[in-house]
$ cat upload-v7.pdb   # PDB, C-alpha atoms, pLDDT in the B column
ATOM      1  CA  MET A 242      94.505 101.642  81.839  1.00 55.00           C
ATOM      2  CA  ASN A 243      98.231 101.313  82.519  1.00 64.00           C
ATOM      3  CA  GLN A 244      98.802  99.017  85.500  1.00 86.00           C
ATOM      4  CA  GLN A 245     102.578  99.209  85.313  1.00 90.00           C
ATOM      5  CA  LEU A 246     104.435 100.003  88.541  1.00 92.00           C
ATOM      6  CA  SER A 247     106.557 102.595  86.789  1.00 92.00           C
ATOM      7  CA  PRO A 248     109.559 102.867  86.636  1.00 94.00           C
ATOM      8  CA  SER A 249     109.391  99.059  86.693  1.00 94.00           C
ATOM      9  CA  GLU A 250     108.323  97.117  83.645  1.00 93.00           C
ATOM     10  CA  TRP A 251     106.170  94.896  85.883  1.00 94.00           C
ATOM     11  CA  THR A 252     102.435  95.361  86.328  1.00 93.00           C
ATOM     12  CA  VAL A 253     100.894  95.057  89.790  1.00 93.00           C
ATOM     13  CA  SER A 254      99.838  91.435  89.191  1.00 92.00           C
ATOM     14  CA  GLU A 255     103.186  90.443  87.664  1.00 93.00           C
ATOM     15  CA  ALA A 256     105.102  92.062  90.503  1.00 93.00           C
ATOM     16  CA  ARG A 257     103.031  90.311  93.167  1.00 92.00           C
ATOM     17  CA  SER A 258     103.411  86.963  91.463  1.00 92.00           C
ATOM     18  CA  LEU A 259     107.119  87.336  90.716  1.00 92.00           C
ATOM     19  CA  THR A 260     108.092  88.551  94.178  1.00 90.00           C
ATOM     20  CA  ALA A 261     106.449  85.480  95.693  1.00 86.00           C
ATOM     21  CA  GLN A 262     108.643  83.314  93.447  1.00 89.00           C
ATOM     22  CA  LEU A 263     111.805  85.374  94.070  1.00 91.00           C
ATOM     23  CA  ARG A 264     111.958  84.334  97.726  1.00 83.00           C
ATOM     24  CA  GLN A 265     113.396  81.064  96.476  1.00 87.00           C
ATOM     25  CA  VAL A 266     116.349  82.757  94.757  1.00 88.00           C
ATOM     26  CA  ALA A 267     117.137  85.646  97.126  1.00 88.00           C
ATOM     27  CA  THR A 268     120.620  85.284  98.565  1.00 90.00           C
ATOM     28  CA  THR A 269     121.428  88.631 100.215  1.00 91.00           C
ATOM     29  CA  ALA A 270     119.785  90.457 103.086  1.00 89.00           C
ATOM     30  CA  ALA A 271     118.939  93.398 100.792  1.00 92.00           C
ATOM     31  CA  GLU A 272     117.201  91.113  98.285  1.00 93.00           C
ATOM     32  CA  TYR A 273     115.229  89.360 100.980  1.00 91.00           C
ATOM     33  CA  ASP A 274     114.359  92.664 102.715  1.00 91.00           C
ATOM     34  CA  GLY A 275     113.213  94.097  99.368  1.00 93.00           C
ATOM     35  CA  ILE A 276     110.931  91.125  98.743  1.00 92.00           C
ATOM     36  CA  GLU A 277     109.545  91.328 102.288  1.00 91.00           C
ATOM     37  CA  LEU A 278     109.027  95.091 101.969  1.00 92.00           C
ATOM     38  CA  PHE A 279     107.218  94.699  98.658  1.00 94.00           C
ATOM     39  CA  THR A 280     104.943  92.045 100.177  1.00 92.00           C
ATOM     40  CA  ALA A 281     104.297  94.171 103.288  1.00 91.00           C
ATOM     41  CA  LEU A 282     103.403  97.256 101.224  1.00 94.00           C
ATOM     42  CA  CYS A 283     101.056  95.169  99.056  1.00 93.00           C
ATOM     43  CA  ASP A 284      99.439  93.745 102.208  1.00 92.00           C
ATOM     44  CA  TYR A 285      99.036  97.309 103.493  1.00 93.00           C
ATOM     45  CA  LEU A 286      97.361  98.308 100.213  1.00 94.00           C
ATOM     46  CA  ASP A 287      95.124  95.228 100.485  1.00 93.00           C
ATOM     47  CA  GLN A 288      93.967  96.597 103.843  1.00 92.00           C
ATOM     48  CA  LEU A 289      93.344 100.063 102.397  1.00 93.00           C
ATOM     49  CA  TYR A 290      91.436  98.472  99.516  1.00 91.00           C
ATOM     50  CA  GLY A 291      89.285  96.513 101.993  1.00 88.00           C
ATOM     51  CA  GLY A 292      90.761  93.016 101.813  1.00 82.00           C
ATOM     52  CA  PRO A 293      92.729  91.043  99.268  1.00 81.00           C
ATOM     53  CA  GLY A 294      92.323  93.098  96.178  1.00 77.00           C
ATOM     54  CA  PHE A 295      95.310  95.287  95.467  1.00 89.00           C
ATOM     55  CA  ASP A 296      95.655  93.956  91.966  1.00 88.00           C
ATOM     56  CA  ALA A 297      95.274  97.236  90.111  1.00 89.00           C
ATOM     57  CA  LEU A 298      96.162 100.887  90.478  1.00 93.00           C
ATOM     58  CA  LEU A 299      93.183 103.152  91.018  1.00 92.00           C
ATOM     59  CA  PRO A 300      92.372 105.519  88.143  1.00 92.00           C
ATOM     60  CA  GLU A 301      93.499 109.125  88.658  1.00 91.00           C
ATOM     61  CA  PRO A 302      90.132 110.527  89.874  1.00 93.00           C
ATOM     62  CA  ASP A 303      89.864 107.734  92.458  1.00 92.00           C
ATOM     63  CA  ARG A 304      93.457 108.339  93.601  1.00 92.00           C
ATOM     64  CA  VAL A 305      92.656 111.994  94.216  1.00 93.00           C
ATOM     65  CA  ALA A 306      89.479 111.041  96.100  1.00 93.00           C
ATOM     66  CA  MET A 307      91.368 108.485  98.189  1.00 93.00           C
ATOM     67  CA  ALA A 308      94.112 111.039  98.947  1.00 93.00           C
ATOM     68  CA  GLY A 309      91.458 113.389 100.342  1.00 93.00           C
ATOM     69  CA  LEU A 310      89.995 110.564 102.378  1.00 93.00           C
ATOM     70  CA  ILE A 311      93.378 109.519 103.792  1.00 94.00           C
ATOM     71  CA  GLN A 312      94.296 113.118 104.610  1.00 91.00           C
ATOM     72  CA  GLY A 313      91.004 113.504 106.473  1.00 91.00           C
ATOM     73  CA  ILE A 314      91.487 110.307 108.467  1.00 89.00           C
ATOM     74  CA  ARG A 315      95.263 110.418 108.888  1.00 82.00           C
ATOM     75  CA  GLY A 316      96.747 111.209 112.229  1.00 62.00           C
ATOM     76  CA  ARG A 317      93.675 110.798 114.408  1.00 58.00           C
ATOM     77  CA  ALA A 318      95.830 108.713 116.720  1.00 50.00           C
ATOM     78  CA  ALA A 319      99.559 108.672 117.305  1.00 47.00           C
ATOM     79  CA  THR A 320     101.089 105.614 115.669  1.00 46.00           C
ATOM     80  CA  GLY A 321     104.647 105.926 116.868  1.00 46.00           C
ATOM     81  CA  SER A 322     106.411 104.014 119.568  1.00 43.00           C
ATOM     82  CA  VAL A 323     105.394 104.574 123.161  1.00 48.00           C
ATOM     83  CA  VAL A 324     107.301 107.526 124.538  1.00 51.00           C
ATOM     84  CA  LEU A 325     107.670 107.825 128.295  1.00 52.00           C
ATOM     85  CA  ASP A 326     108.006 111.105 130.164  1.00 56.00           C
ATOM     86  CA  ASP A 327     110.500 111.695 132.996  1.00 59.00           C
ATOM     87  CA  HIS A 328     108.197 109.825 135.396  1.00 56.00           C
ATOM     88  CA  GLY A 329     107.768 106.746 133.185  1.00 55.00           C
ATOM     89  CA  VAL A 330     104.245 107.713 132.106  1.00 57.00           C
ATOM     90  CA  PRO A 331     103.380 107.200 128.406  1.00 53.00           C
ATOM     91  CA  VAL A 332     103.095 110.498 126.509  1.00 53.00           C
ATOM     92  CA  ASP A 333      99.971 110.787 124.373  1.00 53.00           C
ATOM     93  CA  LEU A 334     101.288 112.372 121.174  1.00 50.00           C
ATOM     94  CA  SER A 335      97.776 112.947 119.823  1.00 49.00           C
ATOM     95  CA  THR A 336      97.034 115.646 122.414  1.00 49.00           C
ATOM     96  CA  THR A 337      97.902 119.296 122.166  1.00 45.00           C
ATOM     97  CA  GLU A 338     100.755 118.595 124.590  1.00 49.00           C
ATOM     98  CA  GLY A 339     102.211 116.065 122.152  1.00 49.00           C
ATOM     99  CA  ASP A 340     105.025 117.003 119.851  1.00 49.00           C
ATOM    100  CA  PRO A 341     103.846 116.626 116.237  1.00 45.00           C
ATOM    101  CA  ALA A 342     107.372 117.010 114.854  1.00 47.00           C
ATOM    102  CA  TYR A 343     108.634 114.200 117.074  1.00 46.00           C
ATOM    103  CA  ASP A 344     105.638 112.035 116.208  1.00 45.00           C
ATOM    104  CA  THR A 345     106.322 112.541 112.495  1.00 45.00           C
ATOM    105  CA  LEU A 346     109.882 111.296 113.008  1.00 44.00           C
ATOM    106  CA  VAL A 347     108.620 108.301 114.995  1.00 45.00           C
ATOM    107  CA  ARG A 348     106.093 107.511 112.260  1.00 47.00           C
ATOM    108  CA  LEU A 349     108.758 107.703 109.551  1.00 46.00           C
ATOM    109  CA  ALA A 350     110.806 105.221 111.542  1.00 49.00           C
ATOM    110  CA  GLN A 351     107.863 102.811 111.850  1.00 57.00           C
ATOM    111  CA  PRO A 352     108.758  99.332 110.737  1.00 56.00           C
ATOM    112  CA  VAL A 353     106.849  98.329 107.623  1.00 64.00           C
ATOM    113  CA  ASN A 354     107.993  94.802 108.356  1.00 61.00           C
ATOM    114  CA  ALA A 355     110.432  93.328 110.838  1.00 55.00           C
ATOM    115  CA  ALA A 356     113.537  94.560 109.001  1.00 75.00           C
ATOM    116  CA  VAL A 357     112.705  97.784 107.167  1.00 81.00           C
ATOM    117  CA  THR A 358     111.198 101.120 108.201  1.00 84.00           C
ATOM    118  CA  LEU A 359     109.389 103.487 105.853  1.00 86.00           C
ATOM    119  CA  ALA A 360     112.472 105.671 105.457  1.00 85.00           C
ATOM    120  CA  GLN A 361     114.836 102.720 105.050  1.00 88.00           C
ATOM    121  CA  GLY A 362     112.458 101.225 102.483  1.00 91.00           C
ATOM    122  CA  ARG A 363     112.826 104.218 100.178  1.00 92.00           C
ATOM    123  CA  ARG A 364     116.615 103.924 100.365  1.00 93.00           C
ATOM    124  CA  LEU A 365     116.466 100.158  99.799  1.00 94.00           C
ATOM    125  CA  ALA A 366     114.227 100.648  96.750  1.00 95.00           C
ATOM    126  CA  ALA A 367     116.731 103.126  95.301  1.00 95.00           C
ATOM    127  CA  GLU A 368     119.685 100.820  95.984  1.00 95.00           C
ATOM    128  CA  LEU A 369     117.981  97.798  94.424  1.00 96.00           C
ATOM    129  CA  GLY A 370     116.841  99.959  91.506  1.00 95.00           C
ATOM    130  CA  GLU A 371     120.519 100.624  90.709  1.00 95.00           C
ATOM    131  CA  SER A 372     121.291  96.870  90.568  1.00 94.00           C
ATOM    132  CA  GLU A 373     121.108  94.492  87.633  1.00 94.00           C
ATOM    133  CA  GLY A 374     118.661  91.710  86.766  1.00 93.00           C
ATOM    134  CA  TRP A 375     115.593  90.915  88.816  1.00 94.00           C
ATOM    135  CA  GLN A 376     116.936  92.951  91.738  1.00 95.00           C
ATOM    136  CA  ARG A 377     116.691  96.079  89.566  1.00 96.00           C
ATOM    137  CA  GLU A 378     113.078  95.356  88.659  1.00 96.00           C
ATOM    138  CA  LEU A 379     112.247  94.636  92.296  1.00 96.00           C
ATOM    139  CA  GLY A 380     113.767  97.979  93.324  1.00 96.00           C
ATOM    140  CA  ARG A 381     111.919  99.766  90.569  1.00 96.00           C
ATOM    141  CA  ALA A 382     108.640  98.036  91.509  1.00 96.00           C
ATOM    142  CA  LEU A 383     109.208  99.203  95.094  1.00 96.00           C
ATOM    143  CA  GLN A 384     109.812 102.730  93.821  1.00 96.00           C
ATOM    144  CA  GLY A 385     106.531 102.430  91.914  1.00 96.00           C
ATOM    145  CA  LEU A 386     104.711 101.346  95.084  1.00 95.00           C
ATOM    146  CA  TYR A 387     106.151 104.265  97.037  1.00 95.00           C
ATOM    147  CA  THR A 388     105.100 106.655  94.249  1.00 96.00           C
ATOM    148  CA  TYR A 389     101.598 105.177  94.227  1.00 96.00           C
ATOM    149  CA  LEU A 390     101.335 105.403  98.024  1.00 96.00           C
ATOM    150  CA  ASP A 391     102.596 109.010  97.849  1.00 95.00           C
ATOM    151  CA  GLN A 392      99.743 109.737  95.420  1.00 95.00           C
ATOM    152  CA  LEU A 393      97.217 108.045  97.707  1.00 95.00           C
ATOM    153  CA  TYR A 394      98.534 110.134 100.598  1.00 94.00           C
ATOM    154  CA  GLY A 395      98.287 113.403  98.674  1.00 92.00           C
ATOM    155  CA  GLY A 396     101.524 114.050  96.797  1.00 91.00           C
ATOM    156  CA  SER A 397     105.213 113.506  96.359  1.00 91.00           C
ATOM    157  CA  GLY A 398     106.845 112.286  99.575  1.00 89.00           C
ATOM    158  CA  ALA A 399     103.534 112.264 101.486  1.00 90.00           C
ATOM    159  CA  PHE A 400     103.693 108.571 102.433  1.00 91.00           C
ATOM    160  CA  THR A 401     105.537 109.041 105.702  1.00 86.00           C
ATOM    161  CA  GLU A 402     103.401 106.971 108.045  1.00 86.00           C
ATOM    162  CA  LEU A 403     101.303 103.867 108.202  1.00 88.00           C
ATOM    163  CA  LEU A 404      97.717 104.409 109.181  1.00 90.00           C
ATOM    164  CA  THR A 405      96.577 102.694 112.352  1.00 86.00           C
ATOM    165  CA  PRO A 406      94.471  99.540 111.912  1.00 87.00           C
ATOM    166  CA  GLU A 407      91.366 101.557 112.810  1.00 88.00           C
ATOM    167  CA  GLU A 408      92.234 104.243 110.246  1.00 90.00           C
ATOM    168  CA  ARG A 409      92.796 101.553 107.595  1.00 90.00           C
ATOM    169  CA  VAL A 410      89.314 100.166 108.201  1.00 91.00           C
ATOM    170  CA  LEU A 411      87.832 103.664 107.788  1.00 92.00           C
ATOM    171  CA  VAL A 412      89.673 104.143 104.487  1.00 92.00           C
ATOM    172  CA  ALA A 413      88.565 100.714 103.215  1.00 92.00           C
ATOM    173  CA  GLN A 414      84.943 101.415 104.144  1.00 91.00           C
ATOM    174  CA  ARG A 415      84.908 104.808 102.434  1.00 87.00           C
ATOM    175  CA  LYS A 416      87.267 104.313  99.504  1.00 81.00           C
ATOM    176  CA  PRO A 417      86.004 104.931  95.978  1.00 72.00           C
ATOM    177  CA  LYS A 418      84.528 101.826  94.372  1.00 69.00           C
ATOM    178  CA  ARG A 419      86.170 100.656  91.171  1.00 57.00           C
TER     179      ARG A 419
END

$ encode --input "upload-v7.pdb" --output "C-alpha coordinates"
Amino acid sequence: MNQQLSPSEWTVSEARSLTAQLRQVATTAAEYDGIELFTALCDYLDQLYGGPGFDALLPEPDRVAMAGLIQGIRGRAATGSVVLDDHGVPVDLSTTEGDPAYDTLVRLAQPVNAAVTLAQGRRLAAELGESEGWQRELGRALQGLYTYLDQLYGGSGAFTELLTPEERVLVAQRKPKR
(Lines of atoms letter the chains of each structure in order from A and count residues from 1; the text may use other names and numbers.)
(Lines give C-alpha, C1' and ligand atoms only; values in the text may rest on other atoms or scores of the structure.)
Protein backbone atom coordinates (compact mmCIF):
# COMPACT_ATOMS: atom_id res chain seq x y z
CA MET A 1 0.00 0.00 0.00
CA ASN A 2 1.30 3.45 -0.92
CA GLN A 3 1.92 5.48 2.23
CA GLN A 4 3.24 8.52 0.39
CA LEU A 5 1.74 11.89 1.32
CA SER A 6 1.28 12.79 -2.32
CA PRO A 7 2.23 15.20 -3.87
CA SER A 8 5.19 14.92 -1.48
CA GLU A 9 7.81 12.25 -1.93
CA TRP A 10 7.73 11.61 1.83
CA THR A 11 5.78 8.79 3.44
CA VAL A 12 3.81 9.43 6.63
CA SER A 13 6.61 8.05 8.84
CA GLU A 14 9.35 9.93 6.98
CA ALA A 15 7.40 13.18 7.12
CA ARG A 16 6.78 12.87 10.86
CA SER A 17 10.40 12.08 11.55
CA LEU A 18 11.82 14.75 9.24
CA THR A 19 9.55 17.54 10.45
CA ALA A 20 10.68 16.89 14.02
CA GLN A 21 14.29 17.35 12.86
CA LEU A 22 13.50 20.41 10.70
CA ARG A 23 12.64 22.53 13.75
CA GLN A 24 16.38 22.88 14.24
CA VAL A 25 16.92 24.44 10.81
CA ALA A 26 13.77 26.55 10.35
CA THR A 27 14.65 30.22 10.07
CA THR A 28 11.48 31.97 8.84
CA ALA A 29 8.05 32.29 10.40
CA ALA A 30 6.48 30.44 7.44
CA GLU A 31 8.87 27.50 7.84
CA TYR A 32 8.27 27.29 11.56
CA ASP A 33 4.48 27.69 11.13
CA GLY A 34 4.51 24.94 8.48
CA ILE A 35 6.35 22.56 10.81
CA GLU A 36 4.00 23.40 13.68
CA LEU A 37 0.95 22.97 11.43
CA PHE A 38 2.18 19.60 10.18
CA THR A 39 2.75 18.44 13.77
CA ALA A 40 -0.67 19.74 14.89
CA LEU A 41 -2.48 17.99 12.02
CA CYS A 42 -0.64 14.74 12.79
CA ASP A 43 -1.59 15.09 16.47
CA TYR A 44 -5.20 15.64 15.38
CA LEU A 45 -5.05 12.47 13.26
CA ASP A 46 -3.53 10.63 16.24
CA GLN A 47 -6.65 11.60 18.19
CA LEU A 48 -8.96 10.44 15.40
CA TYR A 49 -7.01 7.18 15.21
CA GLY A 50 -7.41 6.69 18.98
CA GLY A 51 -3.99 7.65 20.32
CA PRO A 52 -0.48 7.77 18.94
CA GLY A 53 -0.80 5.80 15.78
CA PHE A 54 -1.12 7.98 12.72
CA ASP A 55 1.74 6.25 10.99
CA ALA A 56 -0.14 5.05 7.93
CA LEU A 57 -2.91 6.16 5.62
CA LEU A 58 -6.07 4.10 5.89
CA PRO A 59 -6.88 1.93 2.87
CA GLU A 60 -9.60 3.31 0.58
CA PRO A 61 -12.53 1.27 1.99
CA ASP A 62 -11.63 2.36 5.54
CA ARG A 63 -11.34 6.00 4.42
CA VAL A 64 -14.85 5.85 2.99
CA ALA A 65 -16.15 4.23 6.19
CA MET A 66 -14.41 6.84 8.34
CA ALA A 67 -15.81 9.65 6.16
CA GLY A 68 -19.32 8.34 6.83
CA LEU A 69 -18.57 8.13 10.52
CA ILE A 70 -17.17 11.68 10.67
CA GLN A 71 -20.11 13.06 8.68
CA GLY A 72 -22.50 11.39 11.12
CA ILE A 73 -20.72 12.76 14.18
CA ARG A 74 -19.63 16.13 12.80
CA GLY A 75 -21.31 19.26 13.96
CA ARG A 76 -23.15 17.91 16.99
CA ALA A 77 -21.79 20.89 18.90
CA ALA A 78 -20.68 24.30 17.73
CA THR A 79 -16.89 24.52 17.81
CA GLY A 80 -16.42 28.15 16.92
CA SER A 81 -15.53 31.03 19.15
CA VAL A 82 -18.06 32.22 21.69
CA VAL A 83 -20.38 34.70 20.05
CA LEU A 84 -22.28 37.12 22.26
CA ASP A 85 -25.67 38.59 21.43
CA ASP A 86 -26.58 42.26 21.94
CA HIS A 87 -27.07 41.61 25.67
CA GLY A 88 -23.71 39.88 26.19
CA VAL A 89 -25.25 36.40 26.37
CA PRO A 90 -23.40 33.60 24.53
CA VAL A 91 -25.23 32.45 21.39
CA ASP A 92 -25.59 28.69 21.09
CA LEU A 93 -24.85 28.06 17.41
CA SER A 94 -25.95 24.43 17.64
CA THR A 95 -29.61 25.38 18.10
CA THR A 96 -32.10 26.13 15.38
CA GLU A 97 -31.65 29.82 16.23
CA GLY A 98 -27.93 29.54 15.47
CA ASP A 99 -26.56 30.63 12.16
CA PRO A 100 -24.96 27.62 10.43
CA ALA A 101 -23.32 29.79 7.76
CA TYR A 102 -21.67 31.95 10.42
CA ASP A 103 -20.62 28.88 12.40
CA THR A 104 -19.01 27.40 9.28
CA LEU A 105 -16.96 30.58 8.86
CA VAL A 106 -15.97 30.50 12.54
CA ARG A 107 -14.96 26.85 12.23
CA LEU A 108 -12.85 27.55 9.14
CA ALA A 109 -11.06 30.25 11.11
CA GLN A 110 -10.36 27.87 14.01
CA PRO A 111 -6.72 27.83 14.96
CA VAL A 112 -5.13 24.47 14.26
CA ASN A 113 -2.24 25.66 16.38
CA ALA A 114 -1.36 29.00 17.91
CA ALA A 115 -0.33 30.60 14.61
CA VAL A 116 -2.34 29.04 11.79
CA THR A 117 -6.05 28.52 11.13
CA LEU A 118 -7.48 25.82 8.89
CA ALA A 119 -7.91 28.25 6.00
CA GLN A 120 -4.50 29.85 6.49
CA GLY A 121 -2.95 26.38 6.65
CA ARG A 122 -4.11 25.53 3.14
CA ARG A 123 -2.58 28.76 1.83
CA LEU A 124 0.65 28.15 3.77
CA ALA A 125 0.89 24.62 2.35
CA ALA A 126 0.52 25.99 -1.18
CA GLU A 127 3.11 28.72 -0.59
CA LEU A 128 5.65 26.30 0.88
CA GLY A 129 4.90 23.82 -1.91
CA GLU A 130 6.09 26.46 -4.41
CA SER A 131 9.44 26.85 -2.58
CA GLU A 132 12.67 24.95 -3.08
CA GLY A 133 14.42 22.31 -0.96
CA TRP A 134 12.96 20.87 2.21
CA GLN A 135 10.43 23.71 2.41
CA ARG A 136 8.87 22.44 -0.84
CA GLU A 137 8.56 18.91 0.51
CA LEU A 138 7.10 20.21 3.77
CA GLY A 139 4.49 22.20 1.82
CA ARG A 140 3.70 19.21 -0.34
CA ALA A 141 3.44 16.94 2.73
CA LEU A 142 1.00 19.47 4.22
CA GLN A 143 -0.99 19.42 0.99
CA GLY A 144 -1.04 15.62 1.27
CA LEU A 145 -2.35 15.83 4.84
CA TYR A 146 -5.09 18.25 3.81
CA THR A 147 -6.05 15.93 0.93
CA TYR A 148 -6.14 12.95 3.29
CA LEU A 149 -8.23 14.86 5.84
CA ASP A 150 -10.57 15.98 3.03
CA GLN A 151 -11.03 12.29 2.15
CA LEU A 152 -11.69 11.40 5.79
CA TYR A 153 -14.26 14.20 5.95
CA GLY A 154 -16.05 13.07 2.79
CA GLY A 155 -14.49 14.73 -0.25
CA SER A 156 -12.50 17.52 -1.79
CA GLY A 157 -12.46 20.61 0.44
CA ALA A 158 -14.56 18.93 3.15
CA PHE A 159 -12.00 19.42 5.94
CA THR A 160 -13.26 22.80 7.10
CA GLU A 161 -13.50 22.24 10.83
CA LEU A 162 -11.86 20.45 13.69
CA LEU A 163 -14.07 18.05 15.55
CA THR A 164 -14.63 18.80 19.22
CA PRO A 165 -12.66 16.66 21.70
CA GLU A 166 -15.84 14.68 22.42
CA GLU A 167 -16.45 14.09 18.70
CA ARG A 168 -12.83 12.96 18.27
CA VAL A 169 -13.28 10.34 20.99
CA LEU A 170 -16.42 9.05 19.25
CA VAL A 171 -14.56 8.75 15.94
CA ALA A 172 -11.62 6.97 17.60
CA GLN A 173 -13.94 4.52 19.34
CA ARG A 174 -15.85 3.69 16.17
CA LYS A 175 -13.20 3.98 13.47
CA PRO A 176 -12.47 1.00 11.24
CA LYS A 177 -9.76 -1.26 12.64
CA ARG A 178 -6.70 -1.74 10.47

$ closest_residue --input "upload-v7.pdb" --among "A:Gly294, A:Gly395, A:Cys283, A:Leu289" --to "Ala256 (chain A)" --atoms "only C-alpha atoms"
A:Cys283

$ resolve_selection --input "upload-v7.pdb" --expression "the PyMOL selection byres ((chain A and resi 364-370) around 8)" --output "mmCIF file with C-alpha atoms, in the frame of the given file"
data_model
loop_
_atom_site.group_PDB
_atom_site.id
_atom_site.type_symbol
_atom_site.label_atom_id
_atom_site.label_comp_id
_atom_site.auth_asym_id
_atom_site.auth_seq_id
_atom_site.Cartn_x
_atom_site.Cartn_y
_atom_site.Cartn_z
ATOM 1 C CA ALA A 271 118.939 93.398 100.792
ATOM 2 C CA GLU A 272 117.201 91.113 98.285
ATOM 3 C CA GLY A 275 113.213 94.097 99.368
ATOM 4 C CA ALA A 360 112.472 105.671 105.457
ATOM 5 C CA GLN A 361 114.836 102.720 105.050
ATOM 6 C CA GLY A 362 112.458 101.225 102.483
ATOM 7 C CA ARG A 363 112.826 104.218 100.178
ATOM 8 C CA GLU A 371 120.519 100.624 90.709
ATOM 9 C CA SER A 372 121.291 96.870 90.568
ATOM 10 C CA GLU A 373 121.108 94.492 87.633
ATOM 11 C CA GLN A 376 116.936 92.951 91.738
ATOM 12 C CA ARG A 377 116.691 96.079 89.566
ATOM 13 C CA GLU A 378 113.078 95.356 88.659
ATOM 14 C CA LEU A 379 112.247 94.636 92.296
ATOM 15 C CA GLY A 380 113.767 97.979 93.324
ATOM 16 C CA ARG A 381 111.919 99.766 90.569
ATOM 17 C CA LEU A 383 109.208 99.203 95.094
ATOM 18 C CA GLN A 384 109.812 102.730 93.821
#

$ closest_residue --input "upload-v7.pdb" --among "A:Ile311, A:Ala356, A:Leu390, A:Leu286" --to "Asp274 (chain A)" --atoms "all atoms listed in the file"
A:Ala356

$ closest_residue --input "upload-v7.pdb" --among "A:Leu259, A:Tyr290, A:Tyr394, A:Val253" --to "Gly313 (chain A)" --atoms "only C-alpha atoms"
A:Tyr394

$ closest_residue --input "upload-v7.pdb" --among "A:Tyr285, A:Tyr273, A:Phe279, A:Trp375" --to "Ala413 (chain A)" --atoms "all atoms listed in the file"
A:Tyr285

$ residues_around --input "upload-v7.pdb" --residues "Ser254 (chain A)" --least-positions-apart "6" --cutoff "12 Å" --atoms "all atoms listed in the file" --output "PDB file with C-alpha atoms, in the frame of the given file"
ATOM      1  CA  GLN A 244      98.802  99.017  85.500  1.00 86.00           C
ATOM      2  CA  GLN A 245     102.578  99.209  85.313  1.00 90.00           C
ATOM      3  CA  LEU A 246     104.435 100.003  88.541  1.00 92.00           C
ATOM      4  CA  THR A 260     108.092  88.551  94.178  1.00 90.00           C
ATOM      5  CA  ALA A 261     106.449  85.480  95.693  1.00 86.00           C
ATOM      6  CA  CYS A 283     101.056  95.169  99.056  1.00 93.00           C
ATOM      7  CA  GLY A 294      92.323  93.098  96.178  1.00 77.00           C
ATOM      8  CA  PHE A 295      95.310  95.287  95.467  1.00 89.00           C
ATOM      9  CA  ASP A 296      95.655  93.956  91.966  1.00 88.00           C
ATOM     10  CA  ALA A 297      95.274  97.236  90.111  1.00 89.00           C
ATOM     11  CA  LEU A 298      96.162 100.887  90.478  1.00 93.00           C
ATOM     12  CA  ALA A 382     108.640  98.036  91.509  1.00 96.00           C
TER      13      ALA A 382
END

$ atom_distance --input "upload-v7.pdb" --atom1 "CA of Ala308 (chain A)" --atom2 "CA of Glu255 (chain A)"
25.2 Å

$ atom_distance --input "upload-v7.pdb" --atom1 "CA of Ile276 (chain A)" --atom2 "CA of Gln262 (chain A)"
9.7 Å

$ resolve_selection --input "upload-v7.pdb" --expression "the PyMOL selection byres ((chain A and resi 399) around 12)" --output "JSON, numbers by chain"
{"A": [308, 311, 312, 315, 345, 349, 359, 360, 387, 388, 389, 390, 391, 392, 393, 394, 395, 396, 397, 398, 400, 401, 402, 403]}

$ residues_around --input "upload-v7.pdb" --residues "Glu408 (chain A)" --least-positions-apart "4" --cutoff "8 Å" --atoms "all atoms listed in the file" --output "list of chain:residue names"
A:Ile314, A:Arg315, A:Arg317, A:Leu404, A:Val412

$ atom_distance --input "upload-v7.pdb" --atom1 "CA of Pro417 (chain A)" --atom2 "CA of Arg304 (chain A)"
8.5 Å

$ closest_residue --input "upload-v7.pdb" --among "A:Met307, A:Glu250, A:Glu407, A:Val357" --to "Ala270 (chain A)" --atoms "all atoms listed in the file"
A:Val357
